[in-house]
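One file, entry08.csv, is given below (CSV, C-alpha atoms).
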```csv
chain,number,residue,atom,x,y,z
A,25,MET,CA,61.3,-3.8,-26.3
A,26,LEU,CA,58.4,-3.4,-28.7
A,27,PHE,CA,58.3,-7.0,-29.9
A,28,ASN,CA,58.5,-10.3,-27.9
A,29,PHE,CA,59.5,-12.8,-30.6
A,30,LYS,CA,58.3,-15.9,-28.7
A,31,PRO,CA,54.6,-15.4,-29.3
A,32,ILE,CA,55.4,-14.5,-33.0
A,33,LEU,CA,57.2,-17.9,-33.4
A,34,GLN,CA,54.3,-19.6,-31.7
A,35,ASP,CA,51.9,-17.9,-34.3
A,36,ILE,CA,54.2,-19.1,-37.1
A,37,ASP,CA,54.3,-22.6,-35.8
A,38,ALA,CA,50.5,-22.6,-35.4
A,39,VAL,CA,50.3,-22.2,-39.2
A,40,LEU,CA,52.6,-25.1,-39.7
A,41,ALA,CA,50.7,-27.3,-37.3
A,42,ARG,CA,47.2,-26.6,-38.6
A,43,ASP,CA,47.7,-25.8,-42.3
A,44,PRO,CA,48.8,-28.9,-44.3
A,45,ALA,CA,49.4,-26.6,-47.4
A,46,THR,CA,52.2,-24.8,-45.6
A,47,LYS,CA,55.6,-26.6,-45.5
A,48,SER,CA,58.0,-24.2,-43.8
A,49,ARG,CA,58.2,-21.1,-41.6
A,50,THR,CA,59.5,-19.2,-44.6
A,51,GLU,CA,56.4,-20.1,-46.6
A,52,ALA,CA,54.2,-19.2,-43.7
A,53,LEU,CA,55.8,-15.7,-43.4
A,54,LEU,CA,55.6,-15.1,-47.1
A,55,CYS,CA,52.2,-16.6,-48.0
A,56,SER,CA,49.9,-16.6,-45.0
A,57,SER,CA,47.6,-13.6,-45.0
A,58,GLY,CA,46.2,-14.7,-41.6
A,59,LEU,CA,49.7,-14.7,-40.2
A,60,HIS,CA,50.4,-11.2,-41.7
A,61,ALA,CA,47.2,-9.9,-40.0
A,62,ILE,CA,48.2,-11.4,-36.7
A,63,LEU,CA,51.7,-9.9,-36.9
A,64,PHE,CA,50.2,-6.5,-37.6
A,65,TYR,CA,47.9,-7.0,-34.7
A,66,ARG,CA,50.7,-7.8,-32.3
A,67,LEU,CA,52.3,-4.4,-33.2
A,68,THR,CA,49.1,-2.4,-33.0
A,69,HIS,CA,48.1,-4.0,-29.7
A,70,LYS,CA,51.4,-2.9,-28.2
A,71,LEU,CA,50.7,0.6,-29.4
A,72,TRP,CA,47.2,0.5,-28.1
A,73,LYS,CA,48.3,-0.4,-24.6
A,74,ALA,CA,50.8,2.4,-24.8
A,75,ASN,CA,47.9,4.8,-25.5
A,76,PHE,CA,48.9,5.5,-29.1
A,77,HIS,CA,45.4,4.7,-30.1
A,78,LEU,CA,45.1,6.7,-33.3
A,79,THR,CA,48.5,5.3,-34.6
A,80,ALA,CA,47.3,1.8,-33.8
A,81,ARG,CA,44.0,2.3,-35.6
A,82,VAL,CA,45.7,3.7,-38.7
A,83,ILE,CA,48.1,0.8,-38.9
A,84,SER,CA,45.2,-1.6,-38.3
A,85,GLN,CA,43.3,-0.1,-41.2
A,86,PHE,CA,46.4,-0.5,-43.4
A,87,ALA,CA,46.6,-4.2,-42.3
A,88,ARG,CA,43.0,-4.6,-43.2
A,89,PHE,CA,43.6,-3.2,-46.7
A,90,LEU,CA,46.5,-5.6,-47.2
A,91,THR,CA,45.0,-8.8,-45.8
A,92,GLY,CA,41.2,-8.4,-45.8
A,93,ILE,CA,41.3,-9.2,-42.1
A,94,GLU,CA,40.1,-6.6,-39.5
A,95,ILE,CA,41.4,-7.0,-35.9
A,96,HIS,CA,40.8,-4.1,-33.6
A,97,PRO,CA,44.0,-3.2,-31.7
A,98,GLY,CA,42.1,-3.3,-28.4
A,99,ALA,CA,41.3,-7.0,-28.7
A,100,ARG,CA,43.2,-9.4,-26.5
A,101,ILE,CA,44.5,-12.5,-28.3
A,102,GLY,CA,46.6,-15.3,-26.8
A,103,ARG,CA,49.5,-17.3,-28.2
A,104,GLY,CA,49.3,-19.8,-31.1
A,105,PHE,CA,46.5,-17.9,-32.9
A,106,PHE,CA,45.8,-19.1,-36.4
A,107,ILE,CA,43.5,-17.6,-39.1
A,108,ASP,CA,43.2,-20.0,-42.1
A,109,HIS,CA,42.5,-18.5,-45.6
A,110,GLY,CA,41.9,-15.2,-43.8
A,111,ALA,CA,39.6,-13.0,-45.9
A,112,GLY,CA,36.6,-11.4,-44.2
A,113,VAL,CA,37.5,-12.1,-40.6
A,114,VAL,CA,36.4,-9.4,-38.1
A,115,ILE,CA,37.5,-9.2,-34.5
A,116,GLY,CA,36.0,-6.4,-32.4
A,117,GLU,CA,37.6,-4.1,-29.8
A,118,THR,CA,36.6,-6.0,-26.6
A,119,ALA,CA,37.0,-9.5,-27.9
A,120,GLU,CA,39.2,-11.8,-25.9
A,121,VAL,CA,40.7,-14.9,-27.5
A,122,GLY,CA,42.6,-17.6,-25.6
A,123,ASN,CA,45.5,-19.7,-26.7
A,124,ASP,CA,45.7,-22.1,-29.7
A,125,VAL,CA,42.5,-20.8,-31.3
A,126,THR,CA,41.7,-21.3,-35.0
A,127,LEU,CA,39.5,-19.1,-37.1
A,128,TYR,CA,38.5,-19.7,-40.7
A,129,HIS,CA,37.5,-17.1,-43.4
A,130,GLY,CA,34.5,-15.0,-42.8
A,131,VAL,CA,34.4,-15.4,-39.0
A,132,THR,CA,33.0,-12.5,-37.0
A,133,LEU,CA,33.6,-12.0,-33.3
A,134,GLY,CA,31.1,-9.1,-33.2
A,135,GLY,CA,29.8,-6.7,-30.7
A,136,VAL,CA,26.3,-6.3,-29.4
A,137,SER,CA,25.4,-3.1,-27.4
A,138,VAL,CA,24.5,-4.1,-23.9
A,139,PHE,CA,23.0,-1.4,-21.7
A,140,ASN,CA,23.3,-1.2,-17.9
A,141,ALA,CA,20.7,-0.1,-15.4
A,142,ARG,CA,21.4,3.6,-16.2
A,143,GLY,CA,20.9,3.1,-19.9
A,144,LYS,CA,24.6,3.3,-20.8
A,145,VAL,CA,26.4,0.9,-23.1
A,146,THR,CA,28.6,-1.5,-21.1
A,147,SER,CA,32.3,-1.7,-22.0
A,148,LYS,CA,32.2,-5.4,-22.8
A,149,ARG,CA,30.5,-5.9,-26.1
A,150,HIS,CA,32.3,-8.8,-27.8
A,151,PRO,CA,32.8,-12.5,-27.1
A,152,THR,CA,35.4,-14.2,-24.9
A,153,VAL,CA,36.8,-17.3,-26.6
A,154,GLY,CA,38.6,-19.9,-24.5
A,155,ASN,CA,41.6,-22.1,-25.4
A,156,ASN,CA,41.8,-24.6,-28.2
A,157,VAL,CA,38.6,-23.4,-29.9
A,158,VAL,CA,37.9,-23.9,-33.6
A,159,ILE,CA,35.5,-21.6,-35.3
A,160,GLY,CA,34.4,-22.6,-38.8
A,161,ALA,CA,34.1,-20.5,-41.9
A,162,GLY,CA,31.4,-17.8,-41.9
A,163,ALA,CA,30.4,-18.3,-38.3
A,164,MET,CA,29.2,-15.3,-36.3
A,165,VAL,CA,29.8,-15.1,-32.6
A,166,LEU,CA,28.0,-12.1,-31.3
A,167,GLY,CA,27.9,-10.2,-28.0
A,168,PRO,CA,29.6,-10.6,-24.6
A,169,ILE,CA,29.2,-14.3,-24.5
A,170,ASN,CA,31.7,-17.0,-23.4
A,171,ILE,CA,32.9,-19.8,-25.6
A,172,GLY,CA,34.3,-22.6,-23.5
A,173,ASN,CA,37.7,-24.3,-23.8
A,174,ASP,CA,38.0,-27.1,-26.4
A,175,SER,CA,34.7,-26.2,-28.0
A,176,LYS,CA,34.0,-26.1,-31.8
A,177,ILE,CA,31.7,-23.8,-33.8
A,178,GLY,CA,30.5,-25.1,-37.1
A,179,SER,CA,30.7,-23.1,-40.4
A,180,ASN,CA,28.0,-20.5,-40.8
A,181,ALA,CA,26.7,-20.9,-37.2
A,182,VAL,CA,25.2,-17.9,-35.5
A,183,VAL,CA,26.2,-18.0,-31.8
A,184,LEU,CA,24.2,-15.8,-29.4
A,185,LYS,CA,24.5,-17.7,-26.1
A,186,ASP,CA,27.4,-19.2,-24.1
A,187,VAL,CA,28.9,-22.4,-25.3
A,188,GLU,CA,30.0,-25.0,-22.7
A,189,GLN,CA,33.5,-26.4,-22.6
A,190,GLY,CA,34.0,-29.3,-25.0
A,191,THR,CA,30.8,-28.6,-26.9
A,192,THR,CA,30.3,-28.5,-30.7
A,193,VAL,CA,27.5,-26.2,-31.9
A,194,VAL,CA,26.1,-25.7,-35.4
A,195,GLY,CA,23.1,-23.9,-37.0
A,196,VAL,CA,21.1,-20.7,-36.9
A,197,PRO,CA,20.8,-20.0,-34.1
A,198,ALA,CA,23.5,-22.3,-32.9
A,199,HIS,CA,22.6,-25.5,-31.0
A,200,ALA,CA,24.8,-28.2,-29.4
A,201,VAL,CA,25.3,-31.4,-31.4
A,202,LEU,CA,28.1,-32.9,-29.4
A,203,ARG,CA,29.4,-32.8,-25.9
A,204,SER,CA,32.5,-34.9,-25.3
A,205,LYS,CA,36.1,-34.9,-24.1
A,206,PRO,CA,38.4,-32.8,-26.3
A,207,SER,CA,39.2,-34.8,-29.5
A,208,GLY,CA,42.0,-32.6,-31.0
A,209,PHE,CA,42.0,-30.2,-33.9
A,210,THR,CA,39.1,-30.5,-36.4
A,211,ALA,CA,39.3,-28.4,-39.6
A,212,TYR,CA,36.3,-26.1,-39.9
A,213,ALA,CA,34.8,-27.7,-36.8
A,214,ALA,CA,33.1,-30.1,-39.1
A,215,VAL,CA,30.7,-32.7,-37.7
A,216,ASN,CA,29.2,-35.7,-39.4
A,217,LYS,CA,25.9,-35.9,-37.7
A,218,ASP,CA,23.4,-33.3,-36.4
A,219,PRO,CA,21.0,-34.9,-33.9
A,220,VAL,CA,18.4,-32.3,-34.6
A,221,GLU,CA,18.5,-33.1,-38.3
A,222,GLU,CA,18.4,-36.8,-37.5
A,223,LYS,CA,15.2,-36.3,-35.4
A,224,LEU,CA,13.6,-34.3,-38.2
A,225,LEU,CA,14.4,-37.1,-40.7
A,226,LYS,CA,13.0,-39.7,-38.3
A,227,MET,CA,9.8,-37.6,-38.0
A,228,GLU,CA,9.5,-37.4,-41.7
A,229,LYS,CA,9.8,-41.2,-42.1
A,230,GLU,CA,7.2,-41.7,-39.4
A,231,ILE,CA,4.8,-39.2,-41.0
A,232,ALA,CA,5.3,-41.0,-44.4
A,233,LEU,CA,4.5,-44.3,-42.7
A,234,LEU,CA,1.3,-42.9,-41.1
A,235,LYS,CA,0.2,-41.5,-44.4
A,236,LYS,CA,0.7,-44.8,-46.1
A,237,GLU,CA,-1.3,-46.6,-43.3
A,238,LEU,CA,-4.2,-44.2,-43.7
A,239,LYS,CA,-4.2,-44.6,-47.4
A,240,ASP,CA,-4.2,-48.4,-47.2
A,241,ARG,CA,-7.2,-48.3,-44.8
A,242,LYS,CA,-9.3,-46.3,-47.3
```
Any chance you could put this one into structure tokens?
Amino acid sequence: MLFNFKPILQDIDAVLARDPATKSRTEALLCSSGLHAILFYRLTHKLWKANFHLTARVISQFARFLTGIEIHPGARIGRGFFIDHGAGVVIGETAEVGNDVTLYHGVTLGGVSVFNARGKVTSKRHPTVGNNVVIGAGAMVLGPINIGNDSKIGSNAVVLKDVEQGTTVVGVPAHAVLRSKPSGFTAYAAVNKDPVEEKLLKMEKEIALLKKELKDRK
């Protein structure tokens, strides 16, 4: 059997659960470009595992043309996967994505060439993303790094190192702003406060006070 419909239903229900603009399974099937890309991926991944690599790549390129989303057939993606808004998402060949993961537009799970002791490129070039992860719009997660379960990656972050479980990271390069118990789904992995930014603002205030004191002494 080429298709197992259970993970497909889980993908559809993921759209309903995490996209308040979608009101029914029918609407999800007709209007969600992210869902369309995932359904094409489920087919091409089956073909890839059956060693129909060229056929899988051709269909994958067709799906990219239709949806603006590029998912390599060799990637491994778990159940309940959701891509919101879709356009510009790229997922590389050796990427691994866990269950109930959410990606927003412009996300890249990209490859970095890693060489072994003999100077040859290793087979694992792309990230491994855990379960219940949210990756905000425009974020780039690069190389064979691990993104822990229940973690969140803020919009436009550039992640080059492992992210611990339950951690929220933001910035370029990405740094941790929150480590806590899982708090459920957060759209775009948005955070209200960045402790690094708060420290900089505090330093600016202290410098301003010192300048004022020096000026008053003159």
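Residues with any atom within 8 Å of Pro31 (chain A), counting only C-alpha atoms and excluding same-chain neighbours fewer than 4 positions away, are Asp35, Arg103 and Gly104 of chain A.
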Filtering to C-alpha atoms, could you give me those residues as a PDB file, keeping the file's coordinate frame?
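Saved as out-v4.pdb:
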```
ATOM      1  CA  ASP A  35      51.900 -17.900 -34.300  1.00  0.00           C
ATOM      2  CA  ARG A 103      49.500 -17.300 -28.200  1.00  0.00           C
ATOM      3  CA  GLY A 104      49.300 -19.800 -31.100  1.00  0.00           C
TER       4      GLY A 104
END
```
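For the set A:Gln85, A:Ser56, A:Thr191, A:Asn170, the residue with the smallest atom-to-atom gap to Glu120 (chain A) is A:Asn170, counting all atoms listed in the file.
When only C-alpha atoms are used to measure the gap to Ser84 (chain A), the shortest distance among A:Tyr128, A:Trp72, A:Phe29, A:Phe106 belongs to A:Trp72.
The interatomic distance for the pair CA of Phe89 (chain A) and CA of Phe64 (chain A) works out to 11.7 Å.
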For a quick check of your reading of the model, name the residues lying within 7 Å of the coordinate (32.0, -7.1, -19.9), counting all atoms listed in the file, and write them as a PyMOL selection string. chain A and resi 146-149+168
Next, dump the selected residues to file, keeping only C-alpha atoms, as a CSV table (one decimal), in the coordinates of the input.
```
chain,number,residue,atom,x,y,z
A,146,THR,CA,28.6,-1.5,-21.1
A,147,SER,CA,32.3,-1.7,-22.0
A,148,LYS,CA,32.2,-5.4,-22.8
A,149,ARG,CA,30.5,-5.9,-26.1
A,168,PRO,CA,29.6,-10.6,-24.6
```
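Distance check against Gly116 (chain A) using all atoms listed in the file: of A:Thr91, A:Asn173, A:Gln189, A:Thr152, the minimum falls on A:Thr152.
Nearest residue to Glu188 (chain A), choosing from A:Ile95, A:Ile115, A:Ala200, A:Ala41 and counting all atoms listed in the file: A:Ala200.
CA of Ile171 (chain A) sits 21.4 Å away from CA of Gly58 (chain A).
Minimum atom-to-atom distances from A:Val165, A:Val131, A:Ala119, A:Ala61 to His150 (chain A) were compared using only C-alpha atoms, and the lowest value belongs to A:Ala119.
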